[in-house]
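The data block below is target-v2.tsv; it holds TSV, C-alpha atoms.
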```tsv
chain	number	residue	atom	x	y	z
A	1	MET	CA	-41.35	-4.96	63.15
A	2	HIS	CA	-38.41	-2.61	63.60
A	3	GLU	CA	-40.29	0.60	62.74
A	4	LYS	CA	-37.37	2.91	63.52
A	5	SER	CA	-35.08	0.85	61.27
A	6	VAL	CA	-37.59	1.00	58.41
A	7	VAL	CA	-37.73	4.80	58.73
A	8	LEU	CA	-33.91	5.04	58.65
A	9	LEU	CA	-33.61	2.56	55.79
A	10	ASN	CA	-36.16	4.54	53.77
A	11	GLN	CA	-34.26	7.75	54.51
A	12	ALA	CA	-31.18	6.03	53.11
A	13	VAL	CA	-33.15	4.92	50.03
A	14	GLY	CA	-34.08	8.56	49.39
A	15	GLU	CA	-30.48	9.69	49.76
A	16	GLU	CA	-29.22	6.94	47.46
A	17	VAL	CA	-31.85	7.67	44.79
A	18	THR	CA	-30.88	11.35	44.89
A	19	ALA	CA	-27.19	10.44	44.60
A	20	LEU	CA	-27.93	8.07	41.72
A	21	HIS	CA	-29.74	10.83	39.81
A	22	GLN	CA	-27.04	13.40	40.58
A	23	TYR	CA	-24.19	11.12	39.51
A	24	MET	CA	-25.91	10.20	36.26
A	25	TYR	CA	-26.42	13.90	35.55
A	26	PHE	CA	-22.69	14.45	36.17
A	27	HIS	CA	-21.88	11.42	34.01
A	28	PHE	CA	-23.86	12.79	31.06
A	29	HIS	CA	-22.20	16.20	31.25
A	30	CYS	CA	-18.67	14.88	31.76
A	31	ASP	CA	-19.18	12.55	28.82
A	32	ASP	CA	-20.50	15.43	26.71
A	33	GLN	CA	-17.40	17.49	27.58
A	34	GLY	CA	-15.09	14.60	26.63
A	35	PHE	CA	-13.96	13.81	30.17
A	36	ASP	CA	-14.24	10.06	29.80
A	37	LEU	CA	-12.45	9.05	32.99
A	38	LEU	CA	-14.62	11.25	35.17
A	39	ALA	CA	-17.76	10.30	33.23
A	40	ASP	CA	-16.95	6.65	33.88
A	41	LEU	CA	-16.29	7.30	37.58
A	42	PHE	CA	-19.65	9.02	38.00
A	43	LYS	CA	-21.43	6.24	36.09
A	44	ARG	CA	-19.79	3.48	38.16
A	45	THR	CA	-20.69	5.30	41.36
A	46	ALA	CA	-24.30	5.72	40.21
A	47	ILE	CA	-24.50	1.98	39.54
A	48	GLU	CA	-23.17	1.26	43.03
A	49	GLU	CA	-25.72	3.65	44.53
A	50	MET	CA	-28.44	1.75	42.65
A	51	MET	CA	-27.17	-1.49	44.21
A	52	HIS	CA	-27.34	0.22	47.62
A	53	VAL	CA	-31.00	1.03	46.97
A	54	GLU	CA	-31.63	-2.63	46.20
A	55	ARG	CA	-29.95	-3.83	49.40
A	56	LEU	CA	-31.83	-1.28	51.49
A	57	ALA	CA	-35.15	-2.17	49.84
A	58	GLU	CA	-34.61	-5.87	50.47
A	59	ARG	CA	-34.05	-5.16	54.16
A	60	ILE	CA	-37.11	-2.92	54.39
A	61	LEU	CA	-39.27	-5.62	52.82
A	62	PHE	CA	-37.83	-8.26	55.13
A	63	LEU	CA	-38.79	-6.08	58.10
A	64	GLY	CA	-42.35	-5.85	56.73
A	65	GLY	CA	-42.07	-2.22	55.72
A	66	GLU	CA	-42.95	-0.40	52.53
A	67	VAL	CA	-40.15	0.87	50.30
A	68	GLU	CA	-40.54	4.62	49.75
A	69	LEU	CA	-38.74	5.09	46.45
A	70	LYS	CA	-38.58	8.89	46.54
A	71	ALA	CA	-35.54	11.05	46.01
A	72	SER	CA	-34.69	13.14	49.05
A	73	GLY	CA	-33.61	16.10	46.94
A	74	GLU	CA	-33.40	17.60	43.49
A	75	VAL	CA	-30.59	17.21	40.96
A	76	VAL	CA	-28.28	20.21	41.02
A	77	LYS	CA	-27.65	21.42	37.46
A	78	GLU	CA	-23.89	21.84	37.60
A	79	ARG	CA	-21.52	21.55	34.65
A	80	ASP	CA	-18.23	22.72	36.16
A	81	VAL	CA	-16.21	19.56	36.77
A	82	ASN	CA	-14.37	20.93	39.78
A	83	VAL	CA	-17.67	21.85	41.45
A	84	MET	CA	-19.13	18.44	40.52
A	85	LEU	CA	-16.26	16.66	42.23
A	86	LYS	CA	-16.52	18.80	45.35
A	87	MET	CA	-20.27	18.18	45.50
A	88	ALA	CA	-19.76	14.43	45.09
A	89	LYS	CA	-17.10	14.39	47.81
A	90	GLY	CA	-19.43	16.26	50.15
A	91	MET	CA	-22.34	13.94	49.38
A	92	GLU	CA	-20.24	10.87	50.15
A	93	GLU	CA	-18.91	12.40	53.36
A	94	GLN	CA	-22.45	13.20	54.54
A	95	SER	CA	-23.67	9.70	53.67
A	96	ALA	CA	-20.86	8.09	55.66
A	97	LEU	CA	-21.68	10.28	58.66
A	98	ASP	CA	-25.42	9.55	58.41
A	99	TYR	CA	-24.93	5.80	57.95
A	100	ASN	CA	-22.59	5.60	60.94
A	101	ARG	CA	-25.17	7.39	63.07
A	102	TRP	CA	-28.01	5.26	61.73
A	103	ALA	CA	-26.04	2.05	62.36
A	104	ASN	CA	-25.79	3.08	66.01
A	105	GLU	CA	-29.53	3.82	66.15
A	106	CYS	CA	-30.35	0.40	64.69
A	107	SER	CA	-28.04	-1.21	67.24
A	108	ALA	CA	-29.78	0.65	70.07
A	109	ASN	CA	-33.09	-0.77	68.75
A	110	ALA	CA	-31.83	-4.38	68.68
A	111	ASP	CA	-31.53	-4.57	64.87
A	112	SER	CA	-28.02	-5.84	64.26
A	113	VAL	CA	-28.66	-6.77	60.61
A	114	SER	CA	-29.68	-3.23	59.62
A	115	LYS	CA	-26.74	-1.97	61.69
A	116	LYS	CA	-24.37	-4.14	59.66
A	117	LEU	CA	-25.98	-3.03	56.39
A	118	PHE	CA	-25.36	0.61	57.28
A	119	GLU	CA	-21.78	-0.22	58.32
A	120	ASP	CA	-21.19	-1.97	54.98
A	121	LEU	CA	-22.55	1.07	53.13
A	122	VAL	CA	-20.13	3.31	55.05
A	123	VAL	CA	-17.24	1.32	53.55
A	124	ASP	CA	-18.52	2.04	50.02
A	125	GLU	CA	-19.24	5.71	50.74
A	126	GLU	CA	-15.76	6.23	52.19
A	127	ARG	CA	-14.22	4.61	49.09
A	128	HIS	CA	-16.27	6.93	46.86
A	129	TYR	CA	-15.18	9.89	49.00
A	130	ASP	CA	-11.55	8.89	48.51
A	131	GLN	CA	-11.99	8.55	44.74
A	132	TYR	CA	-13.48	12.03	44.45
A	133	ASP	CA	-10.87	13.46	46.80
A	134	ASN	CA	-8.13	11.99	44.58
A	135	GLU	CA	-9.69	13.52	41.47
A	136	ILE	CA	-9.89	16.92	43.18
A	137	ASP	CA	-6.23	16.55	44.14
A	138	ASN	CA	-5.34	15.72	40.52
A	139	LEU	CA	-7.17	18.84	39.32
A	140	ASP	CA	-5.42	20.96	41.95
A	141	ARG	CA	-2.01	19.56	41.01
A	142	PHE	CA	-2.34	19.46	37.21
A	143	GLY	CA	-5.09	21.98	36.52
A	144	MET	CA	-7.26	21.82	33.45
A	145	ASP	CA	-4.45	20.00	31.63
A	146	TYR	CA	-5.54	16.91	33.57
A	147	LEU	CA	-8.99	17.15	31.98
A	148	ALA	CA	-7.67	18.20	28.57
A	149	LEU	CA	-5.62	15.01	28.36
A	150	GLN	CA	-8.83	13.00	28.78
A	151	SER	CA	-10.38	14.82	25.81
A	152	ILE	CA	-7.28	14.27	23.68
A	153	GLU	CA	-7.23	10.55	24.50
A	154	ARG	CA	-10.94	10.31	23.67
A	155	GLY	CA	-10.37	11.90	20.28
A	156	LYS	CA	-7.50	9.52	19.52
A	157	ALA	CA	-9.59	6.51	20.46
A	158	ARG	CA	-12.54	7.65	18.34
A	159	ARG	CA	-10.33	8.31	15.32
A	160	ALA	CA	-8.72	4.88	15.72
A	161	LEU	CA	-12.16	3.28	15.72
A	162	GLY	CA	-13.51	5.46	12.91
A	163	GLY	CA	-16.27	6.75	15.19
A	164	PRO	CA	-17.61	10.26	15.91
A	165	GLY	CA	-14.80	12.77	15.83
A	166	ALA	CA	-12.91	10.77	13.20
A	167	GLU	CA	-11.88	12.76	10.16
```

Target encoding structure tokens, full file:
Amino acid sequence: MHEKSVVLLNQAVGEEVTALHQYMYFHFHCDDQGFDLLADLFKRTAIEEMMHVERLAERILFLGGEVELKASGEVVKERDVNVMLKMAKGMEEQSALDYNRWANECSANADSVSKKLFEDLVVDEERHYDQYDNEIDNLDRFGMDYLALQSIERGKARRALGGPGAE
């Protein structure tokens, strides 16, 4: 068994579970504030993180290890959208760095499949990083008007459908 790989894979599971919880928390609060586009981005990212957990768990089980399904950290109770985006960007950046390093460690321990899994995860984490970086850039360029437009569009859509917020 590749014991070192199992340890690294479980570390990644913990990071992904933490990210999943954090992004769902952000999703709930963005949705509550009427920021549908950001709420959807956080929700989609959380779903992808859940799929990462599944891929990591499958590899751990294949290697004969036990999946440690424990979050590596606590959810940060943050409701400021700008801070949320900066946190998310930082989380994705750290994951990409960790996964690159862990891919190299798996390679050094003759585990090319786990190495490739970590490399594939880096691609997703870098894409998430770019998405959050773009949203931060939009906020910097357009200010709170960028977020206000999301709320206005949400209200229009709800009124058109006769749902909550319709008068």

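Neighbouring residues of stretch 99-115 of chain A at 9 Å or closer, counting only C-alpha atoms and skipping chain neighbours under 5 positions away, are His2, Lys4, Ser5, Leu8, Leu9, Ala12, Leu56, Arg59, Gln94, Asp120, Leu121 and Val122 of chain A.
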
Could you turn the residues from that selection into a file that holds C-alpha atoms, as a tab-separated table (two decimals), in the frame of the given file?
```tsv
chain	number	residue	atom	x	y	z
A	2	HIS	CA	-38.41	-2.61	63.60
A	4	LYS	CA	-37.37	2.91	63.52
A	5	SER	CA	-35.08	0.85	61.27
A	8	LEU	CA	-33.91	5.04	58.65
A	9	LEU	CA	-33.61	2.56	55.79
A	12	ALA	CA	-31.18	6.03	53.11
A	56	LEU	CA	-31.83	-1.28	51.49
A	59	ARG	CA	-34.05	-5.16	54.16
A	94	GLN	CA	-22.45	13.20	54.54
A	120	ASP	CA	-21.19	-1.97	54.98
A	121	LEU	CA	-22.55	1.07	53.13
A	122	VAL	CA	-20.13	3.31	55.05
```

Go through stretch 16-37 of chain A residue by residue and, counting all atoms listed in the file, keep those with an atom at most 7 Å from stretch 41-53 of chain A; for each kept residue give the shortest atom pair and its distance in Å to one decimal, ordered by chain and increasing number, as CSV.
```
residue,atom,partner,partner_atom,distance
A:Glu16,CA,A:Glu49,CA,5.6
A:Ala19,CA,A:Glu49,CA,6.9
A:Leu20,CA,A:Ala46,CA,4.6
A:Tyr23,CA,A:Phe42,CA,5.2
A:Met24,CA,A:Lys43,CA,6.0
A:Phe26,CA,A:Phe42,CA,6.5
A:His27,CA,A:Phe42,CA,5.2
A:Leu37,CA,A:Leu41,CA,6.2
```

Subject >> Atomic distance atom CA of A:Leu97 - atom CA of A:Asp137, expressed in Å with one decimal >> reply: 22.1 Å

Subject >> Selection near A:Leu147, 10 Å with only C-alpha atoms, sequence-local residues under 6 positions removed, as a ChimeraX atom specification >> reply: /A:30,33-38,81,138-139

Subject >> atom CA of A:Ser72 to atom CA of A:Glu15, straight-line distance in Å >> reply: 5.5 Å

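Nearest to A:Gln11 of all the residues A:Arg55, A:His29, A:Asp98, A:Leu85 is A:Asp98, based on all atoms listed in the file.
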
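Ranking A:Phe142, A:Phe62, A:Tyr129, A:Phe28 by their shortest atom-to-atom distance to A:Ser95, with all atoms listed in the file included, puts A:Tyr129 first.
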
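Nearest-residue note for A:Val7: choosing from A:Asp133, A:Glu74, A:Glu68, A:Asp32, the minimum distance belongs to A:Glu68, counting all atoms listed in the file.
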
**OP:** Just give me the gap between atom CA of A:Ile60 and atom CA of A:Glu92 in Å, one decimal is fine.
**Re:** 22.2 Å

Take stretch 90-112 of chain A from the preceding structure and save N, CA and C atoms as a short mmCIF file (atom, residue, chain, number, x, y, z; two decimals), in the first residue's frame.
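Contents of out_19.cif, as written:
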```cif
data_model
loop_
_atom_site.label_atom_id
_atom_site.label_comp_id
_atom_site.auth_asym_id
_atom_site.auth_seq_id
_atom_site.Cartn_x
_atom_site.Cartn_y
_atom_site.Cartn_z
N GLY A 90 -8.01 32.88 -2.24
CA GLY A 90 -6.89 32.40 -1.44
C GLY A 90 -6.95 30.90 -1.19
N MET A 91 -8.15 30.40 -0.94
CA MET A 91 -8.32 28.95 -0.72
C MET A 91 -7.92 28.17 -1.96
N GLU A 92 -8.35 28.64 -3.11
CA GLU A 92 -8.04 27.95 -4.37
C GLU A 92 -6.55 28.02 -4.68
N GLU A 93 -5.95 29.16 -4.41
CA GLU A 93 -4.51 29.31 -4.64
C GLU A 93 -3.73 28.33 -3.76
N GLN A 94 -4.12 28.23 -2.48
CA GLN A 94 -3.43 27.33 -1.56
C GLN A 94 -3.61 25.87 -1.97
N SER A 95 -4.83 25.53 -2.41
CA SER A 95 -5.07 24.15 -2.86
C SER A 95 -4.20 23.79 -4.06
N ALA A 96 -4.10 24.70 -5.02
CA ALA A 96 -3.27 24.44 -6.20
C ALA A 96 -1.82 24.23 -5.79
N LEU A 97 -1.33 25.05 -4.87
CA LEU A 97 0.05 24.90 -4.39
C LEU A 97 0.24 23.55 -3.69
N ASP A 98 -0.68 23.22 -2.78
CA ASP A 98 -0.60 21.96 -2.05
C ASP A 98 -0.65 20.77 -3.01
N TYR A 99 -1.59 20.79 -3.94
CA TYR A 99 -1.77 19.65 -4.83
C TYR A 99 -0.58 19.46 -5.76
N ASN A 100 0.03 20.57 -6.19
CA ASN A 100 1.26 20.45 -6.98
C ASN A 100 2.36 19.77 -6.16
N ARG A 101 2.51 20.21 -4.93
CA ARG A 101 3.54 19.63 -4.05
C ARG A 101 3.24 18.15 -3.77
N TRP A 102 1.97 17.85 -3.51
CA TRP A 102 1.60 16.48 -3.19
C TRP A 102 1.73 15.57 -4.41
N ALA A 103 1.48 16.11 -5.61
CA ALA A 103 1.70 15.32 -6.83
C ALA A 103 3.16 14.90 -6.92
N ASN A 104 4.05 15.82 -6.61
CA ASN A 104 5.49 15.51 -6.65
C ASN A 104 5.85 14.46 -5.60
N GLU A 105 5.25 14.56 -4.42
CA GLU A 105 5.51 13.56 -3.37
C GLU A 105 5.02 12.18 -3.79
N CYS A 106 3.85 12.12 -4.41
CA CYS A 106 3.34 10.82 -4.88
C CYS A 106 4.26 10.26 -5.96
N SER A 107 4.74 11.11 -6.84
CA SER A 107 5.66 10.67 -7.88
C SER A 107 6.93 10.10 -7.27
N ALA A 108 7.46 10.77 -6.27
CA ALA A 108 8.69 10.32 -5.60
C ALA A 108 8.48 8.98 -4.89
N ASN A 109 7.20 8.64 -4.59
CA ASN A 109 6.88 7.37 -3.93
C ASN A 109 6.29 6.35 -4.91
N ALA A 110 6.59 6.54 -6.19
CA ALA A 110 6.17 5.59 -7.24
C ALA A 110 4.66 5.37 -7.29
N ASP A 111 3.89 6.46 -7.16
CA ASP A 111 2.43 6.39 -7.26
C ASP A 111 1.97 7.40 -8.32
N SER A 112 2.11 6.99 -9.58
CA SER A 112 1.81 7.91 -10.68
C SER A 112 0.31 8.19 -10.82
#
```
